[in-house]
2 protein chains.
Amino acid sequence: MIPPDHPRYRSLVVRERLAEAAREGVVALEGLTAHGRAEAFDYLIGEKSTSTAREAARCAAALLRQARRPVLSVNGNTAALAAVECAALQQATGCGIEVNLFHRTDERMRKITRLLEDAGATVLQGVPERLIPLGHDRALCLPHGIGRADLILVPLEDGDRCEALRAMGRTVVTIDLNPLSRTARTATLTVVDELTRALPLITAAYADLNPEEAERLVLELDNHYLLQAAIVEIIRGLTSALD
Amino acid sequence: MIPPDHPRYRSLVVRERLAEAAREGVVALEGLTAHGRAEAFDYLIGEKSTSTAREAARCAAALLRQARRPVLSVNGNTAALAAVECAALQQATGCGIEVNLFHRTDERMRKITRLLEDAGATVLQGVPERLIPLGHDRALCLPHGIGRADLILVPLEDGDRCEALRAMGRTVVTIDLNPLSRTARTATLTVVDELTRALPLITAAYADLNPEEAERLVLELDNHYLLQAAIVEIIRGLTSALD
């Protein structure tokens, strides 16, 4: 057991939860490494939502408001970390939820779907088709889900699919703690924040936005600017560690 | 299979190797997350040994030259990533090698020992005793190994043991990609570099150092300065991503 007074308590508890999810087959082993990378970047932004992240979350909500067929794409890490937050976003916005996995097996699909449903989400079901030009199984999606979505919210995405979806003309919103990553740079909008903080920020902003503000945010959206601001926030944190 | 032209090829191959080692029980699931954190920091220093890391590696070699009973402490990640580099360091310096695990089981001890021996290392064996004041199994060590070592080289260390060993008056040299970590700040000397690059740098410097230079490096050793320089190198990399 991790002592609650350990300086890294929350981070260690989340890490154990993910290790447990890996033992159960929900999270892929490679997903644990991906989580470690995210942890490091979260550490660098001080493990809280920065003002840039809050601004990006409002933009994400505005894009969701304007989308006609938004779909939240969920992988193993997202389900293990934030099933409840995914369900709450769906409740607020009416977005579809589709499971999409790199390490795809029927068993993992079932387990992750179950986890989301237990948290109160409705998960899209059906026969997947290879609708995204990719060599791996993230190409597989539902014709009535990601296949026809105009906006795809992809937390913890890999760069390949983000690029492919953008090339297909889709709006891609990602949640990625690394502002330098290919995903972050390729997406229409990147929220540089930790998943369980970012999703509730988007959900809350969605309820709060009026149509005029939503329109203005979408018109003025500048992902490059937001990413640069996120990098500056990391630099500021590191600089404060110097004496 | 990962395509060799993937921009993150090397990093992905190493990640798969660790996932495989986890399936075999050499690497703990928590070790995969730890590796992800290291990956992120390596990414930030440009995935190459910085000039500060090279300087720190020379200092590590100098400390090893002056030590009478140096021991390299190896955990699952270290063995999976760098068994060959550990054996080469032992060959050059004559240091002891002892396996020390947080998630300790007889089976993991055996597998990791085997991995090191297959790479050409000689691994200390015997009945461990609880010689370090810690609540977990990293407290266990060999009386004729870490128990009486004057210098302990601990790659990929956790903060607890590093502090405990320092409090026992031991010289602790660590290899840690996060210059802000408790381990990095507590150790006698921290090499902020990736393991498979850092170990050969130390091995090469050991052969290269003359006694006068070794003495000077030890006298002038300033870990705080080295860590600050490592942070500045990360800031410089991030700043170059701004336009």
# chains A, B, ... in the order shown; residues from 1 in each chain; ligands from 1
call {"tool": "interface_residues", "arguments": {"of": "chain A", "to": "chain B", "cutoff": "8 Å", "atoms": "only C-alpha atoms", "output": "PyMOL selection string"}}
result
chain A and resi 15-16+19+22+29-30+32-41+180+228+231-232+235+238-239+241-242
call {"tool": "residues_around", "arguments": {"residues": "Val173 in chain B", "least_positions_apart": "3", "cutoff": "7 Å", "atoms": "only C-alpha atoms", "output": "PyMOL selection string"}}
result
chain B and resi 60+152-154+187-190
call {"tool": "write_last_selection", "arguments": {"atoms": "all heavy atoms", "output": "tab-separated table (two decimals), in the first residue's frame"}}
result
chain	number	residue	atom	x	y	z
B	60	ALA	N	31.15	10.57	-12.35
B	60	ALA	CA	30.76	9.24	-11.86
B	60	ALA	C	31.94	8.29	-11.95
B	60	ALA	O	32.21	7.51	-11.01
B	60	ALA	CB	29.57	8.71	-12.66
B	152	ILE	N	27.32	3.30	-4.16
B	152	ILE	CA	26.27	2.52	-4.82
B	152	ILE	C	25.82	3.29	-6.04
B	152	ILE	O	25.43	4.45	-5.95
B	152	ILE	CB	25.11	2.24	-3.85
B	152	ILE	CG1	25.66	1.49	-2.63
B	152	ILE	CG2	24.03	1.40	-4.52
B	152	ILE	CD1	25.15	2.01	-1.34
B	153	LEU	N	25.91	2.62	-7.18
B	153	LEU	CA	25.45	3.21	-8.43
B	153	LEU	C	24.05	2.66	-8.66
B	153	LEU	O	23.87	1.44	-8.82
B	153	LEU	CB	26.39	2.83	-9.58
B	153	LEU	CG	25.99	3.24	-11.00
B	153	LEU	CD1	25.80	4.75	-11.12
B	153	LEU	CD2	27.04	2.77	-12.01
B	154	VAL	N	23.05	3.55	-8.63
B	154	VAL	CA	21.67	3.10	-8.70
B	154	VAL	C	20.95	3.79	-9.86
B	154	VAL	O	20.42	4.87	-9.71
B	154	VAL	CB	20.91	3.35	-7.39
B	154	VAL	CG1	21.15	2.24	-6.42
B	154	VAL	CG2	21.30	4.68	-6.78
B	187	ALA	N	20.89	12.47	-4.43
B	187	ALA	CA	22.09	11.69	-4.70
B	187	ALA	C	23.36	12.53	-4.54
B	187	ALA	O	23.32	13.76	-4.61
B	187	ALA	CB	22.03	11.13	-6.12
B	188	THR	N	24.46	11.86	-4.31
B	188	THR	CA	25.76	12.52	-4.33
B	188	THR	C	26.02	13.11	-5.72
B	188	THR	O	26.52	14.22	-5.87
B	188	THR	CB	26.89	11.51	-4.01
B	188	THR	OG1	26.53	10.76	-2.85
B	188	THR	CG2	28.22	12.22	-3.80
B	189	LEU	N	25.65	12.32	-6.70
B	189	LEU	CA	25.86	12.72	-8.10
B	189	LEU	C	24.76	12.12	-8.97
B	189	LEU	O	24.43	10.94	-8.83
B	189	LEU	CB	27.22	12.21	-8.60
B	189	LEU	CG	27.49	12.34	-10.10
B	189	LEU	CD1	27.61	13.82	-10.51
B	189	LEU	CD2	28.74	11.58	-10.50
B	190	THR	N	24.21	12.92	-9.86
B	190	THR	CA	23.17	12.46	-10.77
B	190	THR	C	23.63	12.65	-12.21
B	190	THR	O	24.02	13.75	-12.59
B	190	THR	CB	21.87	13.28	-10.56
B	190	THR	OG1	21.53	13.22	-9.18
B	190	THR	CG2	20.73	12.75	-11.41
call {"tool": "atom_distance", "arguments": {"atom1": "CA of Thr122 in chain B", "atom2": "CA of Asp208 in chain B"}}
result
23.5 Å
call {"tool": "residues_around", "arguments": {"residues": "Ala214 in chain B", "least_positions_apart": "6", "cutoff": "8 Å", "atoms": "only C-alpha atoms", "output": "ChimeraX atom specification"}}
result
/B:59,61-63,65-66
call {"tool": "write_last_selection", "arguments": {"atoms": "all heavy atoms", "output": "PDB file, in the first residue's frame"}}
result
ATOM      1  N   CYS B  59      32.455  12.558 -13.815  1.00  0.00           N
ATOM      2  CA  CYS B  59      32.474  12.616 -12.341  1.00  0.00           C
ATOM      3  C   CYS B  59      32.125  11.249 -11.752  1.00  0.00           C
ATOM      4  O   CYS B  59      32.727  10.827 -10.750  1.00  0.00           O
ATOM      5  CB  CYS B  59      31.468  13.636 -11.819  1.00  0.00           C
ATOM      6  SG  CYS B  59      31.886  15.333 -12.207  1.00  0.00           S
ATOM      7  N   ALA B  61      32.654   8.348 -13.064  1.00  0.00           N
ATOM      8  CA  ALA B  61      33.834   7.486 -13.231  1.00  0.00           C
ATOM      9  C   ALA B  61      34.892   7.819 -12.176  1.00  0.00           C
ATOM     10  O   ALA B  61      35.532   6.917 -11.616  1.00  0.00           O
ATOM     11  CB  ALA B  61      34.390   7.661 -14.642  1.00  0.00           C
ATOM     12  N   ALA B  62      35.046   9.109 -11.883  1.00  0.00           N
ATOM     13  CA  ALA B  62      36.034   9.519 -10.877  1.00  0.00           C
ATOM     14  C   ALA B  62      35.663   8.981  -9.497  1.00  0.00           C
ATOM     15  O   ALA B  62      36.517   8.474  -8.756  1.00  0.00           O
ATOM     16  CB  ALA B  62      36.138  11.050 -10.850  1.00  0.00           C
ATOM     17  N   LEU B  63      34.368   9.062  -9.155  1.00  0.00           N
ATOM     18  CA  LEU B  63      33.919   8.521  -7.865  1.00  0.00           C
ATOM     19  C   LEU B  63      34.153   7.012  -7.819  1.00  0.00           C
ATOM     20  O   LEU B  63      34.560   6.467  -6.783  1.00  0.00           O
ATOM     21  CB  LEU B  63      32.439   8.848  -7.633  1.00  0.00           C
ATOM     22  CG  LEU B  63      32.117  10.299  -7.268  1.00  0.00           C
ATOM     23  CD1 LEU B  63      30.608  10.543  -7.322  1.00  0.00           C
ATOM     24  CD2 LEU B  63      32.650  10.637  -5.860  1.00  0.00           C
ATOM     25  N   ARG B  65      36.460   5.397  -9.375  1.00  0.00           N
ATOM     26  CA  ARG B  65      37.912   5.195  -9.227  1.00  0.00           C
ATOM     27  C   ARG B  65      38.335   5.270  -7.770  1.00  0.00           C
ATOM     28  O   ARG B  65      39.238   4.557  -7.338  1.00  0.00           O
ATOM     29  CB  ARG B  65      38.672   6.272 -10.007  1.00  0.00           C
ATOM     30  CG  ARG B  65      38.886   5.961 -11.455  1.00  0.00           C
ATOM     31  CD  ARG B  65      40.399   5.946 -11.778  1.00  0.00           C
ATOM     32  NE  ARG B  65      40.625   5.463 -13.126  1.00  0.00           N
ATOM     33  CZ  ARG B  65      41.044   4.242 -13.444  1.00  0.00           C
ATOM     34  NH1 ARG B  65      41.314   3.361 -12.502  1.00  0.00           N
ATOM     35  NH2 ARG B  65      41.222   3.886 -14.693  1.00  0.00           N
ATOM     36  N   GLN B  66      37.691   6.173  -7.033  1.00  0.00           N
ATOM     37  CA  GLN B  66      38.092   6.377  -5.643  1.00  0.00           C
ATOM     38  C   GLN B  66      37.412   5.408  -4.676  1.00  0.00           C
ATOM     39  O   GLN B  66      37.830   5.299  -3.520  1.00  0.00           O
ATOM     40  CB  GLN B  66      37.783   7.814  -5.225  1.00  0.00           C
ATOM     41  CG  GLN B  66      38.557   8.836  -6.057  1.00  0.00           C
ATOM     42  CD  GLN B  66      38.849  10.100  -5.290  1.00  0.00           C
ATOM     43  OE1 GLN B  66      38.153  10.430  -4.331  1.00  0.00           O
ATOM     44  NE2 GLN B  66      39.891  10.818  -5.692  1.00  0.00           N
TER      45      GLN B  66
END
call {"tool": "residues_around", "arguments": {"residues": "Gly169 in chain A", "least_positions_apart": "5", "cutoff": "12 Å", "atoms": "only C-alpha atoms", "output": "MDAnalysis selection string"}}
result
chainID A and resid 132 147:152 162:164 187:188
call {"tool": "atom_distance", "arguments": {"atom1": "CA of Val192 in chain A", "atom2": "CA of Ile175 in chain A"}}
result
5.9 Å
call {"tool": "select_by_dssp", "arguments": {"residues": "range 63-203 of chain A", "states": "strand (DSSP E)", "output": "PyMOL selection string"}}
result
chain A and resi 70-74+96-99+129-130+140-141+151-155+171-175+189-191
call {"tool": "write_last_selection", "arguments": {"atoms": "N, CA, C and O atoms", "output": "JSON list (two decimals), in the first residue's frame"}}
result
[["chain", "number", "residue", "atom", "x", "y", "z"],
["A", 70, "PRO", "N", -20.70, 14.78, -33.27],
["A", 70, "PRO", "CA", -19.44, 14.60, -32.54],
["A", 70, "PRO", "C", -19.34, 13.19, -31.92],
["A", 70, "PRO", "O", -20.34, 12.65, -31.45],
["A", 71, "VAL", "N", -18.14, 12.63, -31.97],
["A", 71, "VAL", "CA", -17.91, 11.32, -31.36],
["A", 71, "VAL", "C", -16.65, 11.38, -30.49],
["A", 71, "VAL", "O", -15.62, 11.89, -30.92],
["A", 72, "LEU", "N", -16.76, 10.85, -29.29],
["A", 72, "LEU", "CA", -15.62, 10.70, -28.39],
["A", 72, "LEU", "C", -15.03, 9.31, -28.63],
["A", 72, "LEU", "O", -15.73, 8.30, -28.47],
["A", 73, "SER", "N", -13.76, 9.27, -29.01],
["A", 73, "SER", "CA", -13.08, 8.00, -29.29],
["A", 73, "SER", "C", -12.33, 7.58, -28.03],
["A", 73, "SER", "O", -11.52, 8.33, -27.50],
["A", 74, "VAL", "N", -12.63, 6.36, -27.55],
["A", 74, "VAL", "CA", -12.08, 5.94, -26.25],
["A", 74, "VAL", "C", -11.15, 4.74, -26.42],
["A", 74, "VAL", "O", -11.50, 3.76, -27.09],
["A", 96, "GLY", "N", -21.55, 10.93, -29.36],
["A", 96, "GLY", "CA", -21.41, 9.49, -29.41],
["A", 96, "GLY", "C", -20.13, 9.06, -28.73],
["A", 96, "GLY", "O", -19.19, 9.84, -28.59],
["A", 97, "ILE", "N", -20.08, 7.82, -28.25],
["A", 97, "ILE", "CA", -18.84, 7.27, -27.69],
["A", 97, "ILE", "C", -18.53, 5.98, -28.43],
["A", 97, "ILE", "O", -19.38, 5.09, -28.54],
["A", 98, "GLU", "N", -17.32, 5.89, -28.99],
["A", 98, "GLU", "CA", -16.91, 4.70, -29.73],
["A", 98, "GLU", "C", -15.57, 4.22, -29.19],
["A", 98, "GLU", "O", -14.67, 5.03, -28.96],
["A", 99, "VAL", "N", -15.46, 2.92, -29.00],
["A", 99, "VAL", "CA", -14.18, 2.36, -28.55],
["A", 99, "VAL", "C", -13.30, 2.13, -29.78],
["A", 99, "VAL", "O", -13.75, 1.56, -30.78],
["A", 129, "GLU", "N", -15.68, -1.11, -39.88],
["A", 129, "GLU", "CA", -15.08, -1.20, -41.22],
["A", 129, "GLU", "C", -13.77, -0.43, -41.20],
["A", 129, "GLU", "O", -13.56, 0.43, -40.36],
["A", 130, "ARG", "N", -12.92, -0.73, -42.16],
["A", 130, "ARG", "CA", -11.60, -0.09, -42.23],
["A", 130, "ARG", "C", -11.77, 1.23, -42.98],
["A", 130, "ARG", "O", -11.51, 1.33, -44.17],
["A", 140, "LEU", "N", -10.03, 0.76, -37.96],
["A", 140, "LEU", "CA", -11.38, 0.20, -37.85],
["A", 140, "LEU", "C", -12.31, 1.14, -37.11],
["A", 140, "LEU", "O", -12.02, 1.54, -35.98],
["A", 141, "CYS", "N", -13.42, 1.51, -37.74],
["A", 141, "CYS", "CA", -14.41, 2.28, -37.00],
["A", 141, "CYS", "C", -15.80, 2.02, -37.54],
["A", 141, "CYS", "O", -15.98, 1.36, -38.56],
["A", 151, "LEU", "N", -16.79, 15.82, -35.97],
["A", 151, "LEU", "CA", -15.80, 16.15, -34.94],
["A", 151, "LEU", "C", -15.47, 14.89, -34.15],
["A", 151, "LEU", "O", -16.37, 14.16, -33.72],
["A", 152, "ILE", "N", -14.19, 14.63, -33.97],
["A", 152, "ILE", "CA", -13.77, 13.48, -33.18],
["A", 152, "ILE", "C", -12.91, 13.99, -32.04],
["A", 152, "ILE", "O", -11.92, 14.68, -32.26],
["A", 153, "LEU", "N", -13.33, 13.67, -30.84],
["A", 153, "LEU", "CA", -12.56, 14.03, -29.64],
["A", 153, "LEU", "C", -11.74, 12.81, -29.28],
["A", 153, "LEU", "O", -12.29, 11.76, -28.94],
["A", 154, "VAL", "N", -10.42, 12.93, -29.39],
["A", 154, "VAL", "CA", -9.56, 11.77, -29.19],
["A", 154, "VAL", "C", -8.53, 12.05, -28.10],
["A", 154, "VAL", "O", -7.46, 12.57, -28.36],
["A", 155, "PRO", "N", -8.86, 11.70, -26.86],
["A", 155, "PRO", "CA", -7.88, 11.86, -25.79],
["A", 155, "PRO", "C", -6.77, 10.84, -26.00],
["A", 155, "PRO", "O", -7.01, 9.75, -26.52],
["A", 171, "THR", "N", -12.70, 17.52, -38.07],
["A", 171, "THR", "CA", -12.24, 18.32, -36.95],
["A", 171, "THR", "C", -11.77, 17.36, -35.86],
["A", 171, "THR", "O", -12.52, 16.46, -35.47],
["A", 172, "VAL", "N", -10.52, 17.51, -35.41],
["A", 172, "VAL", "CA", -10.00, 16.62, -34.38],
["A", 172, "VAL", "C", -9.62, 17.44, -33.15],
["A", 172, "VAL", "O", -8.81, 18.37, -33.24],
["A", 173, "VAL", "N", -10.23, 17.10, -32.04],
["A", 173, "VAL", "CA", -9.87, 17.73, -30.76],
["A", 173, "VAL", "C", -9.15, 16.67, -29.94],
["A", 173, "VAL", "O", -9.66, 15.56, -29.77],
["A", 174, "THR", "N", -7.96, 16.99, -29.46],
["A", 174, "THR", "CA", -7.23, 16.01, -28.68],
["A", 174, "THR", "C", -6.89, 16.55, -27.30],
["A", 174, "THR", "O", -6.88, 17.76, -27.08],
["A", 175, "ILE", "N", -6.67, 15.63, -26.39],
["A", 175, "ILE", "CA", -6.21, 15.98, -25.04],
["A", 175, "ILE", "C", -4.85, 15.31, -24.92],
["A", 175, "ILE", "O", -4.77, 14.08, -24.93],
["A", 189, "LEU", "N", -7.46, 21.21, -32.57],
["A", 189, "LEU", "CA", -7.33, 21.83, -31.25],
["A", 189, "LEU", "C", -6.76, 20.83, -30.27],
["A", 189, "LEU", "O", -7.19, 19.67, -30.24],
["A", 190, "THR", "N", -5.81, 21.28, -29.46],
["A", 190, "THR", "CA", -5.20, 20.41, -28.45],
["A", 190, "THR", "C", -5.41, 21.02, -27.07],
["A", 190, "THR", "O", -5.07, 22.18, -26.85],
["A", 191, "VAL", "N", -5.95, 20.24, -26.18],
["A", 191, "VAL", "CA", -6.04, 20.67, -24.78],
["A", 191, "VAL", "C", -4.85, 20.03, -24.07],
["A", 191, "VAL", "O", -4.80, 18.80, -23.91]]
